[in-house]
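What follows is start.txt (compact mmCIF, C-alpha atoms).
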# COMPACT_ATOMS: atom_id res chain seq x y z
CA MET A 291 19.17 -207.47 65.56
CA LEU A 292 22.87 -206.64 65.76
CA ASN A 293 22.09 -202.94 66.05
CA VAL A 294 19.97 -203.60 69.16
CA ALA A 295 22.79 -205.58 70.78
CA VAL A 296 25.33 -202.84 70.03
CA SER A 297 22.99 -200.14 71.30
CA ASN A 298 22.36 -202.07 74.51
CA LEU A 299 26.10 -202.42 75.07
CA SER A 300 26.57 -198.70 74.61
CA LEU A 301 23.93 -197.85 77.23
CA LYS A 302 26.34 -198.81 80.00
CA LEU A 303 28.94 -196.39 78.63
CA VAL A 304 26.81 -193.33 77.77
CA ARG A 305 23.99 -191.42 79.39
CA VAL A 306 20.48 -191.83 78.03
CA PRO A 307 20.28 -188.31 76.47
CA LEU A 308 23.23 -189.11 74.22
CA GLN A 309 21.63 -192.40 73.21
CA ALA A 310 18.36 -190.59 72.45
CA SER A 311 20.03 -187.91 70.38
CA HIS A 312 21.96 -190.49 68.39
CA SER A 313 18.77 -192.39 67.70
CA ARG A 314 17.71 -189.26 65.81
CA LEU A 315 20.83 -189.67 63.68
CA ARG A 316 19.41 -192.89 62.26
CA SER A 317 17.46 -190.88 59.73
CA LEU A 318 20.68 -189.14 58.69
CA PHE A 319 22.47 -192.48 58.36
CA THR A 320 19.59 -193.84 56.30
CA VAL A 321 19.79 -190.89 53.93
CA LEU A 322 23.56 -191.25 53.63
CA VAL A 323 23.34 -194.98 52.88
CA ALA A 324 20.62 -194.34 50.28
CA TYR A 325 22.72 -191.56 48.74
CA ILE A 326 25.80 -193.76 48.51
CA LEU A 327 23.86 -196.64 46.98
CA SER A 328 22.06 -194.46 44.44
CA ALA A 329 24.91 -192.10 43.52
CA PRO A 330 26.48 -194.44 40.94
CA ARG A 331 23.18 -194.41 39.05
CA GLY A 332 23.08 -190.61 39.02
CA LYS A 333 20.11 -190.35 41.37
CA GLY A 334 21.97 -189.43 44.55
CA THR A 335 20.25 -186.15 45.35
CA LEU A 336 18.16 -185.13 48.32
CA GLY A 337 15.57 -182.40 48.10
CA ALA A 338 15.97 -179.13 49.96
CA GLY A 339 12.85 -179.78 52.04
CA ALA A 340 14.13 -183.14 53.25
CA THR A 341 17.51 -181.64 54.09
CA LYS A 342 15.87 -178.92 56.18
CA LEU A 343 13.73 -181.46 58.02
CA LEU A 344 16.76 -183.59 58.85
CA PHE A 345 18.60 -180.56 60.17
CA VAL A 346 15.66 -179.40 62.29
CA ASN A 347 15.16 -182.91 63.68
CA ILE A 348 18.79 -183.39 64.70
CA ALA A 349 19.33 -179.83 65.92
CA GLY A 350 16.14 -179.90 68.00
CA VAL A 351 17.22 -182.97 69.92
CA GLY A 352 20.69 -181.54 70.36
CA PHE A 353 19.34 -178.28 71.79
CA ALA A 354 16.87 -180.06 74.06
CA MET A 355 19.56 -182.21 75.61
CA TYR A 356 22.40 -179.70 75.57
CA ASP A 357 24.80 -179.95 78.52
CA ASP A 358 23.41 -183.33 79.56
CA TYR A 359 25.86 -185.47 77.61
CA SER A 360 28.28 -187.78 79.36
CA PHE A 361 30.03 -190.64 77.62
CA THR A 362 33.21 -192.62 77.19
CA ALA A 363 34.96 -192.77 73.84
CA TRP A 364 34.06 -196.44 73.44
CA GLY A 365 30.42 -195.73 74.30
CA PHE A 366 30.29 -192.93 71.73
CA VAL A 367 31.66 -195.22 69.01
CA LEU A 368 29.23 -198.02 69.92
CA THR A 369 26.29 -195.59 69.89
CA LEU A 370 27.21 -194.33 66.41
CA LEU A 371 27.74 -197.90 65.20
CA GLY A 372 24.32 -198.91 66.52
CA GLY A 373 22.72 -196.03 64.64
CA PHE A 374 24.53 -196.92 61.44
CA LEU A 375 23.55 -200.58 61.72
CA ALA A 376 19.93 -199.58 62.27
CA ALA A 377 20.05 -197.63 59.00
CA LEU A 378 21.05 -200.73 57.07
What does the file become when written as structure tokens?
Amino acid sequence: MLNVAVSNLSLKLVRVPLQASHSRLRSLFTVLVAYILSAPRGKGTLGAGATKLLFVNIAGVGFAMYDDYSFTAWGFVLTLLGGFLAAL
């Protein structure tokens, strides 16, 4: 619920394409959180196929919305924070 509130706050400070591209980062944040939580048990690895899919997903959105980004520094931070909170 907090992630939705933070994301809604950031919408006034960033353009929608940036918000959409950062929503694709949620999968990356989810993988990072899972890696950090499982690394102490020695199971913190991600397969090559999953890594490639994450890269293609994030790069594809970035290329599609290239040159359409406009944001303030505070909006950028709030957008990243909203994505991270969604991963939790």
Proximity to A:Pro307 - best of A:Phe319, A:Trp364, A:Tyr359, A:Phe374, all atoms listed in the file: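 Closest to A:Pro307, using all atoms listed in the file: A:Tyr359.
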Between atom CA of A:Lys302 and atom CA of A:Leu371, what distance in Å does the model show, to one decimal? 14.9 Å
In terms of all atoms listed in the file, the residue from A:Ala354, A:Ala310, A:Val321, A:Leu344 at minimal distance from A:Leu378 is A:Val321
Considering all atoms listed in the file, return as a PDB file with C-alpha atoms, in the coordinates of the input whatever protein or nucleic-acid residues lie within 7 Å of A:Phe361, sequence-local ones (same chain, fewer than 5 positions apart) excluded.
ATOM      1  CA  LEU A 303      28.940-196.390  78.630  1.00  0.00           C
ATOM      2  CA  VAL A 304      26.810-193.330  77.770  1.00  0.00           C
ATOM      3  CA  ARG A 305      23.990-191.420  79.390  1.00  0.00           C
ATOM      4  CA  PHE A 366      30.290-192.930  71.730  1.00  0.00           C
TER       5      PHE A 366
END
Exercise: A:Phe345 partners within 12 Å, all atoms listed in the file, chain neighbours under 6 positions left out, as a PDB file with C-alpha atoms, keeping the file's coordinate frame:
ATOM      1  CA  ARG A 314      17.710-189.260  65.810  1.00  0.00           C
ATOM      2  CA  LEU A 315      20.830-189.670  63.680  1.00  0.00           C
ATOM      3  CA  SER A 317      17.460-190.880  59.730  1.00  0.00           C
ATOM      4  CA  LEU A 318      20.680-189.140  58.690  1.00  0.00           C
ATOM      5  CA  ALA A 338      15.970-179.130  49.960  1.00  0.00           C
ATOM      6  CA  GLY A 339      12.850-179.780  52.040  1.00  0.00           C
ATOM      7  CA  VAL A 351      17.220-182.970  69.920  1.00  0.00           C
ATOM      8  CA  GLY A 352      20.690-181.540  70.360  1.00  0.00           C
ATOM      9  CA  PHE A 353      19.340-178.280  71.790  1.00  0.00           C
TER      10      PHE A 353
END
Selected residue of minimal separation from A:Ser360 among A:Ala377, A:Leu301, A:Arg316, A:Thr341, counting only C-alpha atoms: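 So, comparing all the options, the nearest one is A:Leu301.
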Show me, as a ChimeraX atom specification, the residues that have an atom within 7 Å of stretch 291-293 of chain A when counting only C-alpha atoms, minus same-chain residues fewer than 6 positions from it. /A:372,375-376
Suppose you want the space between atom CA of A:Leu299 and atom CA of A:Ala349; what is it in Å?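 For atom CA of A:Leu299 relative to atom CA of A:Ala349, the distance reads 25.3 Å.
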When you draw a straight line from atom CA of A:Met355 to atom CA of A:Leu368, how long is it in Å? 19.4 Å
Which one is closest to A:Asn347: A:Ile326, A:Ser313, A:Thr362, A:Leu370? Count only C-alpha atoms.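 Of the candidates, the smallest distance to A:Asn347 is held by A:Ser313.
Each of A:Val346, A:Leu322, A:Leu327, A:Val367 was compared to A:Gln309 using only C-alpha atoms, and A:Val367 turns out to be the nearest.
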Restricting the calculation to only C-alpha atoms: of A:His312, A:Gly350, A:Gly337, A:Val296, which residue gets closest to A:Tyr325? A:Gly337
